[in-house]
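Listing of final_26.pdb, PDB, N, CA and C atoms
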```
MODEL        1
ATOM      1  N   MET A   1       0.848  -1.160   0.000
ATOM      2  CA  MET A   1       0.000   0.000   0.000
ATOM      3  C   MET A   1       0.902   1.233   0.000
ATOM      4  N   THR A   2       0.591   2.163  -0.895
ATOM      5  CA  THR A   2       1.395   3.376  -0.997
ATOM      6  C   THR A   2       0.477   4.587  -1.134
ATOM      7  N   PRO A   3       0.971   5.752  -0.694
ATOM      8  CA  PRO A   3       0.193   6.974  -0.880
ATOM      9  C   PRO A   3       0.192   7.379  -2.361
ATOM     10  N   THR A   4      -0.735   8.227  -2.723
ATOM     11  CA  THR A   4      -0.800   8.782  -4.073
ATOM     12  C   THR A   4      -0.640  10.298  -3.972
ATOM     13  N   ALA A   5      -0.747  10.984  -5.094
ATOM     14  CA  ALA A   5      -0.655  12.453  -5.077
ATOM     15  C   ALA A   5      -1.816  13.072  -4.302
ATOM     16  N   ASN A   6      -2.914  12.336  -4.174
ATOM     17  CA  ASN A   6      -4.057  12.797  -3.393
ATOM     18  C   ASN A   6      -3.908  12.259  -1.972
ATOM     19  N   PRO A   7      -3.871  13.128  -0.952
ATOM     20  CA  PRO A   7      -3.645  12.662   0.426
ATOM     21  C   PRO A   7      -4.766  11.791   0.995
ATOM     22  N   LEU A   8      -5.887  11.693   0.270
ATOM     23  CA  LEU A   8      -7.014  10.905   0.751
ATOM     24  C   LEU A   8      -7.196   9.605  -0.030
ATOM     25  N   VAL A   9      -6.210   9.269  -0.862
ATOM     26  CA  VAL A   9      -6.303   8.076  -1.707
ATOM     27  C   VAL A   9      -5.056   7.221  -1.532
ATOM     28  N   ALA A  10      -5.261   5.925  -1.321
ATOM     29  CA  ALA A  10      -4.149   4.969  -1.224
ATOM     30  C   ALA A  10      -4.160   4.070  -2.454
ATOM     31  N   SER A  11      -2.980   3.614  -2.832
ATOM     32  CA  SER A  11      -2.851   2.630  -3.906
ATOM     33  C   SER A  11      -2.498   1.297  -3.246
ATOM     34  N   TYR A  12      -3.365   0.313  -3.405
ATOM     35  CA  TYR A  12      -3.195  -0.987  -2.769
ATOM     36  C   TYR A  12      -2.871  -1.987  -3.872
ATOM     37  N   GLU A  13      -1.730  -2.657  -3.758
ATOM     38  CA  GLU A  13      -1.328  -3.638  -4.766
ATOM     39  C   GLU A  13      -1.338  -5.033  -4.174
ATOM     40  N   VAL A  14      -1.916  -5.965  -4.920
ATOM     41  CA  VAL A  14      -1.975  -7.354  -4.493
ATOM     42  C   VAL A  14      -1.693  -8.235  -5.709
ATOM     43  N   THR A  15      -0.945  -9.316  -5.474
ATOM     44  CA  THR A  15      -0.684 -10.302  -6.520
ATOM     45  C   THR A  15      -1.461 -11.557  -6.166
ATOM     46  N   PRO A  16      -2.581 -11.793  -6.844
ATOM     47  CA  PRO A  16      -3.423 -12.934  -6.493
ATOM     48  C   PRO A  16      -2.795 -14.265  -6.883
ATOM     49  N   GLN A  17      -3.042 -15.282  -6.083
ATOM     50  CA  GLN A  17      -2.550 -16.629  -6.352
ATOM     51  C   GLN A  17      -3.530 -17.443  -7.191
ATOM     52  N   SER A  18      -4.671 -16.810  -7.517
ATOM     53  CA  SER A  18      -5.643 -17.462  -8.392
ATOM     54  C   SER A  18      -6.350 -16.382  -9.195
ATOM     55  N   ALA A  19      -6.898 -16.755 -10.331
ATOM     56  CA  ALA A  19      -7.681 -15.817 -11.129
ATOM     57  C   ALA A  19      -9.014 -15.577 -10.435
ATOM     58  N   GLY A  20      -9.583 -14.413 -10.667
ATOM     59  CA  GLY A  20     -10.879 -14.119 -10.072
ATOM     60  C   GLY A  20     -11.109 -12.633  -9.952
ATOM     61  N   LEU A  21     -11.708 -12.235  -8.840
ATOM     62  CA  LEU A  21     -12.001 -10.833  -8.570
ATOM     63  C   LEU A  21     -11.288 -10.396  -7.297
ATOM     64  N   VAL A  22     -10.769  -9.163  -7.317
ATOM     65  CA  VAL A  22     -10.069  -8.603  -6.162
ATOM     66  C   VAL A  22     -10.770  -7.313  -5.746
ATOM     67  N   SER A  23     -10.990  -7.153  -4.446
ATOM     68  CA  SER A  23     -11.506  -5.901  -3.900
ATOM     69  C   SER A  23     -10.771  -5.624  -2.593
ATOM     70  N   VAL A  24     -10.869  -4.394  -2.134
ATOM     71  CA  VAL A  24     -10.211  -3.997  -0.882
ATOM     72  C   VAL A  24     -11.267  -3.466   0.070
ATOM     73  N   GLY A  25     -11.340  -4.080   1.247
ATOM     74  CA  GLY A  25     -12.203  -3.584   2.307
ATOM     75  C   GLY A  25     -11.431  -2.556   3.116
ATOM     76  N   PHE A  26     -12.103  -1.474   3.531
ATOM     77  CA  PHE A  26     -11.414  -0.448   4.317
ATOM     78  C   PHE A  26     -12.376   0.216   5.291
ATOM     79  N   GLY A  27     -11.816   0.725   6.371
ATOM     80  CA  GLY A  27     -12.600   1.415   7.380
ATOM     81  C   GLY A  27     -11.726   1.848   8.540
ATOM     82  N   LYS A  28     -12.323   2.508   9.502
ATOM     83  CA  LYS A  28     -11.563   3.046  10.636
ATOM     84  C   LYS A  28     -11.178   1.989  11.659
ATOM     85  N   ASP A  29     -11.746   0.781  11.522
ATOM     86  CA  ASP A  29     -11.354  -0.328  12.389
ATOM     87  C   ASP A  29     -11.437  -1.620  11.574
ATOM     88  N   THR A  30     -11.196  -2.753  12.205
ATOM     89  CA  THR A  30     -11.136  -4.010  11.467
ATOM     90  C   THR A  30     -12.505  -4.612  11.134
ATOM     91  N   THR A  31     -13.564  -3.841  11.342
ATOM     92  CA  THR A  31     -14.860  -4.258  10.792
ATOM     93  C   THR A  31     -14.993  -3.726   9.363
ATOM     94  N   TYR A  32     -14.044  -2.878   8.951
ATOM     95  CA  TYR A  32     -13.932  -2.290   7.619
ATOM     96  C   TYR A  32     -15.170  -1.462   7.278
ATOM     97  N   GLY A  33     -16.211  -2.022   6.750
ATOM     98  CA  GLY A  33     -17.424  -1.260   6.482
ATOM     99  C   GLY A  33     -17.561  -0.743   5.062
ATOM    100  N   PHE A  34     -16.465  -0.533   4.375
ATOM    101  CA  PHE A  34     -16.496  -0.049   2.996
ATOM    102  C   PHE A  34     -15.678  -0.992   2.132
ATOM    103  N   SER A  35     -15.968  -0.974   0.841
ATOM    104  CA  SER A  35     -15.227  -1.824  -0.085
ATOM    105  C   SER A  35     -15.096  -1.135  -1.431
ATOM    106  N   THR A  36     -13.971  -1.360  -2.085
ATOM    107  CA  THR A  36     -13.796  -0.860  -3.443
ATOM    108  C   THR A  36     -14.591  -1.740  -4.403
ATOM    109  N   SER A  37     -14.730  -1.285  -5.616
ATOM    110  CA  SER A  37     -15.294  -2.131  -6.673
ATOM    111  C   SER A  37     -14.325  -3.262  -6.935
ATOM    112  N   ALA A  38     -14.853  -4.407  -7.332
ATOM    113  CA  ALA A  38     -13.999  -5.557  -7.633
ATOM    114  C   ALA A  38     -13.355  -5.382  -9.009
ATOM    115  N   GLN A  39     -12.114  -5.824  -9.101
ATOM    116  CA  GLN A  39     -11.394  -5.803 -10.367
ATOM    117  C   GLN A  39     -11.027  -7.229 -10.755
ATOM    118  N   THR A  40     -11.071  -7.502 -12.034
ATOM    119  CA  THR A  40     -10.695  -8.820 -12.538
ATOM    120  C   THR A  40      -9.198  -9.024 -12.351
ATOM    121  N   ALA A  41      -8.830 -10.209 -11.899
ATOM    122  CA  ALA A  41      -7.427 -10.517 -11.637
ATOM    123  C   ALA A  41      -7.013 -11.783 -12.371
ATOM    124  N   VAL A  42      -5.750 -11.786 -12.795
ATOM    125  CA  VAL A  42      -5.136 -12.950 -13.406
ATOM    126  C   VAL A  42      -4.103 -13.477 -12.422
ATOM    127  N   ARG A  43      -4.059 -14.773 -12.249
ATOM    128  CA  ARG A  43      -3.129 -15.386 -11.291
ATOM    129  C   ARG A  43      -1.693 -14.911 -11.543
ATOM    130  N   GLY A  44      -1.048 -14.419 -10.465
ATOM    131  CA  GLY A  44       0.352 -14.042 -10.500
ATOM    132  C   GLY A  44       0.655 -12.677 -11.078
ATOM    133  N   ILE A  45      -0.350 -11.952 -11.538
ATOM    134  CA  ILE A  45      -0.122 -10.613 -12.093
ATOM    135  C   ILE A  45      -0.651  -9.577 -11.101
ATOM    136  N   PRO A  46       0.221  -8.631 -10.681
ATOM    137  CA  PRO A  46      -0.200  -7.632  -9.693
ATOM    138  C   PRO A  46      -1.394  -6.793 -10.155
ATOM    139  N   VAL A  47      -2.272  -6.513  -9.219
ATOM    140  CA  VAL A  47      -3.430  -5.652  -9.450
ATOM    141  C   VAL A  47      -3.299  -4.462  -8.512
ATOM    142  N   LYS A  48      -3.400  -3.247  -9.062
ATOM    143  CA  LYS A  48      -3.389  -2.037  -8.229
ATOM    144  C   LYS A  48      -4.807  -1.505  -8.145
ATOM    145  N   ILE A  49      -5.245  -1.288  -6.907
ATOM    146  CA  ILE A  49      -6.583  -0.760  -6.664
ATOM    147  C   ILE A  49      -6.447   0.553  -5.903
ATOM    148  N   LEU A  50      -7.095   1.601  -6.420
ATOM    149  CA  LEU A  50      -7.104   2.878  -5.713
ATOM    150  C   LEU A  50      -8.222   2.850  -4.681
ATOM    151  N   VAL A  51      -7.862   3.167  -3.441
ATOM    152  CA  VAL A  51      -8.829   3.184  -2.336
ATOM    153  C   VAL A  51      -9.118   4.652  -2.032
ATOM    154  N   ALA A  52     -10.347   5.069  -2.272
ATOM    155  CA  ALA A  52     -10.744   6.468  -2.080
ATOM    156  C   ALA A  52     -11.984   6.522  -1.190
ATOM    157  N   GLY A  53     -12.374   7.737  -0.823
ATOM    158  CA  GLY A  53     -13.557   7.910   0.013
ATOM    159  C   GLY A  53     -13.216   8.028   1.485
ATOM    160  N   MET A  54     -11.953   8.342   1.775
ATOM    161  CA  MET A  54     -11.509   8.463   3.168
ATOM    162  C   MET A  54     -11.441   9.935   3.561
ATOM    163  N   VAL A  55     -11.390  10.200   4.856
ATOM    164  CA  VAL A  55     -11.286  11.570   5.355
ATOM    165  C   VAL A  55      -9.849  11.860   5.780
ATOM    166  N   ALA A  56      -9.518  13.133   5.871
ATOM    167  CA  ALA A  56      -8.151  13.574   6.176
ATOM    168  C   ALA A  56      -7.718  13.194   7.589
ATOM    169  N   ASN A  57      -6.415  13.001   7.728
ATOM    170  CA  ASN A  57      -5.763  12.787   9.025
ATOM    171  C   ASN A  57      -6.407  11.668   9.844
ATOM    172  N   THR A  58      -6.668  10.556   9.182
ATOM    173  CA  THR A  58      -7.340   9.442   9.832
ATOM    174  C   THR A  58      -6.637   8.137   9.496
ATOM    175  N   LYS A  59      -6.517   7.259  10.488
ATOM    176  CA  LYS A  59      -5.935   5.936  10.273
ATOM    177  C   LYS A  59      -7.029   4.989   9.796
ATOM    178  N   TYR A  60      -6.761   4.307   8.684
ATOM    179  CA  TYR A  60      -7.687   3.328   8.116
ATOM    180  C   TYR A  60      -7.072   1.943   8.101
ATOM    181  N   HIS A  61      -7.913   0.937   8.278
ATOM    182  CA  HIS A  61      -7.524  -0.457   8.125
ATOM    183  C   HIS A  61      -7.974  -0.897   6.740
ATOM    184  N   MET A  62      -7.135  -1.726   6.089
ATOM    185  CA  MET A  62      -7.453  -2.215   4.750
ATOM    186  C   MET A  62      -7.004  -3.659   4.618
ATOM    187  N   ARG A  63      -7.748  -4.406   3.806
ATOM    188  CA  ARG A  63      -7.317  -5.759   3.456
ATOM    189  C   ARG A  63      -7.965  -6.152   2.134
ATOM    190  N   ALA A  64      -7.209  -6.882   1.346
ATOM    191  CA  ALA A  64      -7.701  -7.343   0.052
ATOM    192  C   ALA A  64      -8.405  -8.682   0.212
ATOM    193  N   THR A  65      -9.396  -8.902  -0.629
ATOM    194  CA  THR A  65     -10.074 -10.184  -0.714
ATOM    195  C   THR A  65     -10.061 -10.617  -2.175
ATOM    196  N   VAL A  66      -9.592 -11.829  -2.417
ATOM    197  CA  VAL A  66      -9.605 -12.406  -3.761
ATOM    198  C   VAL A  66     -10.659 -13.500  -3.770
ATOM    199  N   THR A  67     -11.605 -13.394  -4.691
ATOM    200  CA  THR A  67     -12.631 -14.415  -4.859
ATOM    201  C   THR A  67     -12.340 -15.140  -6.163
ATOM    202  N   ASN A  68     -12.008 -16.431  -6.066
ATOM    203  CA  ASN A  68     -11.634 -17.166  -7.278
ATOM    204  C   ASN A  68     -12.875 -17.582  -8.075
ATOM    205  N   GLU A  69     -12.632 -18.225  -9.203
ATOM    206  CA  GLU A  69     -13.718 -18.589 -10.120
ATOM    207  C   GLU A  69     -14.709 -19.579  -9.513
ATOM    208  N   ASN A  70     -14.314 -20.279  -8.437
ATOM    209  CA  ASN A  70     -15.206 -21.221  -7.745
ATOM    210  C   ASN A  70     -15.960 -20.563  -6.589
ATOM    211  N   GLY A  71     -15.733 -19.261  -6.379
ATOM    212  CA  GLY A  71     -16.389 -18.546  -5.295
ATOM    213  C   GLY A  71     -15.656 -18.616  -3.966
ATOM    214  N   GLU A  72     -14.503 -19.296  -3.934
ATOM    215  CA  GLU A  72     -13.713 -19.383  -2.703
ATOM    216  C   GLU A  72     -12.967 -18.070  -2.490
ATOM    217  N   LYS A  73     -12.932 -17.628  -1.223
ATOM    218  CA  LYS A  73     -12.309 -16.350  -0.900
ATOM    219  C   LYS A  73     -10.981 -16.538  -0.179
ATOM    220  N   SER A  74     -10.035 -15.688  -0.554
ATOM    221  CA  SER A  74      -8.749 -15.606   0.135
ATOM    222  C   SER A  74      -8.653 -14.188   0.687
ATOM    223  N   VAL A  75      -8.636 -14.075   2.017
ATOM    224  CA  VAL A  75      -8.594 -12.763   2.664
ATOM    225  C   VAL A  75      -7.172 -12.495   3.130
ATOM    226  N   HIS A  76      -6.635 -11.367   2.737
ATOM    227  CA  HIS A  76      -5.266 -11.016   3.076
ATOM    228  C   HIS A  76      -5.186 -10.368   4.461
ATOM    229  N   ALA A  77      -3.987 -10.182   4.927
ATOM    230  CA  ALA A  77      -3.748  -9.591   6.251
ATOM    231  C   ALA A  77      -4.182  -8.120   6.279
ATOM    232  N   ASP A  78      -4.490  -7.662   7.472
ATOM    233  CA  ASP A  78      -4.858  -6.270   7.698
ATOM    234  C   ASP A  78      -3.632  -5.373   7.562
ATOM    235  N   HIS A  79      -3.823  -4.220   6.925
ATOM    236  CA  HIS A  79      -2.790  -3.185   6.812
ATOM    237  C   HIS A  79      -3.419  -1.870   7.248
ATOM    238  N   THR A  80      -2.587  -0.932   7.676
ATOM    239  CA  THR A  80      -3.117   0.380   8.033
ATOM    240  C   THR A  80      -2.525   1.449   7.123
ATOM    241  N   PHE A  81      -3.299   2.515   6.963
ATOM    242  CA  PHE A  81      -2.905   3.647   6.127
ATOM    243  C   PHE A  81      -3.374   4.918   6.810
ATOM    244  N   LEU A  82      -2.493   5.902   6.925
ATOM    245  CA  LEU A  82      -2.837   7.183   7.531
ATOM    246  C   LEU A  82      -3.013   8.208   6.421
ATOM    247  N   THR A  83      -4.227   8.736   6.297
ATOM    248  CA  THR A  83      -4.454   9.763   5.290
ATOM    249  C   THR A  83      -3.759  11.050   5.713
ATOM    250  N   GLY A  84      -3.478  11.892   4.747
ATOM    251  CA  GLY A  84      -2.806  13.163   5.015
ATOM    252  C   GLY A  84      -3.775  14.311   5.173
ATOM    253  N   SER A  85      -3.186  15.477   5.306
ATOM    254  CA  SER A  85      -3.976  16.716   5.385
ATOM    255  C   SER A  85      -4.279  17.205   3.977
ATOM    256  N   ILE A  86      -5.388  17.890   3.847
ATOM    257  CA  ILE A  86      -5.733  18.466   2.566
ATOM    258  C   ILE A  86      -5.020  19.813   2.455
ATOM    259  N   PRO A  87      -4.160  20.002   1.437
ATOM    260  CA  PRO A  87      -3.458  21.280   1.272
ATOM    261  C   PRO A  87      -4.446  22.415   1.019
ATOM    262  N   ALA A  88      -4.085  23.614   1.427
ATOM    263  CA  ALA A  88      -4.953  24.779   1.258
ATOM    264  C   ALA A  88      -5.273  25.032  -0.210
ATOM    265  N   ASN A  89      -4.350  24.703  -1.102
ATOM    266  CA  ASN A  89      -4.558  24.966  -2.526
ATOM    267  C   ASN A  89      -5.100  23.767  -3.282
ATOM    268  N   PHE A  90      -5.602  22.773  -2.586
ATOM    269  CA  PHE A  90      -6.067  21.527  -3.201
ATOM    270  C   PHE A  90      -7.462  21.664  -3.754
TER     271      PHE A  90
ENDMDL
END
```
Translate the structure described by the file into structure tokens.
Amino acid sequence: MTPTANPLVASYEVTPQSAGLVSVGFGKDTTYGFSTSAQTAVRGIPVKILVAGMVANTKYHMRATVTNENGEKSVHADHTFLTGSIPANF
């Protein structure tokens, strides 16, 4: 997970071990509460998902979920991301 030019957006990269759909759950605690749109994934090829909709100066928890073609889910470990401040000229 890396910051982007926008202080309220994170770039989350995951390399799935199976083909399917990848999404990222995020929220202020480990109940997450929000999710990105799912993106199609190919086994072994990194997928970058932009996580947006967060507020400034807040710690968020995030984790990726890969749902394979059989409907089986692989849930990744929890990561945290601290959003930045919104610049005055933003």
Interface rows for region 14-50 of chain A against region 56-73 of chain A: nearest pair, Å to one decimal, 5 Å, all atoms listed in the file, as a Markdown table:
```
| residue | atom | partner | partner_atom | distance |
| --- | --- | --- | --- | --- |
| A:Ala19 | C | A:Asn68 | CA | 4.4 |
| A:Gly20 | CA | A:Asn68 | CA | 4.2 |
| A:Leu21 | C | A:Thr67 | N | 4.0 |
| A:Val22 | CA | A:Thr65 | C | 4.5 |
| A:Ser23 | C | A:Thr65 | N | 4.1 |
| A:Val24 | CA | A:Ala64 | CA | 4.3 |
| A:Gly25 | N | A:Arg63 | C | 4.1 |
| A:Phe26 | CA | A:His61 | C | 4.2 |
| A:Gly27 | C | A:His61 | N | 3.9 |
| A:Lys28 | CA | A:Tyr60 | CA | 4.6 |
```
Check: So how far away is CA of Ala10 (chain A) from CA of Val75 (chain A), in Å?
Finding: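 It comes out at 18.7 Å.
The space between CA of Leu8 (chain A) and CA of Ala77 (chain A) spans 21.5 Å.
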Could you tell me, as a tab-separated table (two decimals) with N, CA and C atoms, in the frame of the given file, exactly which residues end up selected when the PyMOL selection byres ((chain A and resi 7) around 5) is applied to this structure?
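Result went into part.tsv, see below:
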```tsv
chain	number	residue	atom	x	y	z
A	5	ALA	N	-0.75	10.98	-5.09
A	5	ALA	CA	-0.66	12.45	-5.08
A	5	ALA	C	-1.82	13.07	-4.30
A	6	ASN	N	-2.91	12.34	-4.17
A	6	ASN	CA	-4.06	12.80	-3.39
A	6	ASN	C	-3.91	12.26	-1.97
A	8	LEU	N	-5.89	11.69	0.27
A	8	LEU	CA	-7.01	10.90	0.75
A	8	LEU	C	-7.20	9.60	-0.03
A	9	VAL	N	-6.21	9.27	-0.86
A	9	VAL	CA	-6.30	8.08	-1.71
A	9	VAL	C	-5.06	7.22	-1.53
A	83	THR	N	-4.23	8.74	6.30
A	83	THR	CA	-4.45	9.76	5.29
A	83	THR	C	-3.76	11.05	5.71
A	84	GLY	N	-3.48	11.89	4.75
A	84	GLY	CA	-2.81	13.16	5.01
A	84	GLY	C	-3.78	14.31	5.17
```
Item checked: Nearest-residue call for Arg43 (chain A), choices A:Thr80, A:Ser18, A:Glu13, A:Ile86, using all atoms listed in the file ->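 Among the listed residues, A:Ser18 lies closest to Arg43 (chain A).
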Notebook entry, point to check: Pick the closest to Pro16 (chain A) from A:Val55, A:Leu82, A:Ala41, A:Ala88: which is it, counting only N, CA and C atoms?
Noted result: A:Ala41
Check: Rounded to one decimal in Å, what is the spacing between CA of Ser37 (chain A) and CA of Ser85 (chain A)?
Finding: 25.1 Å
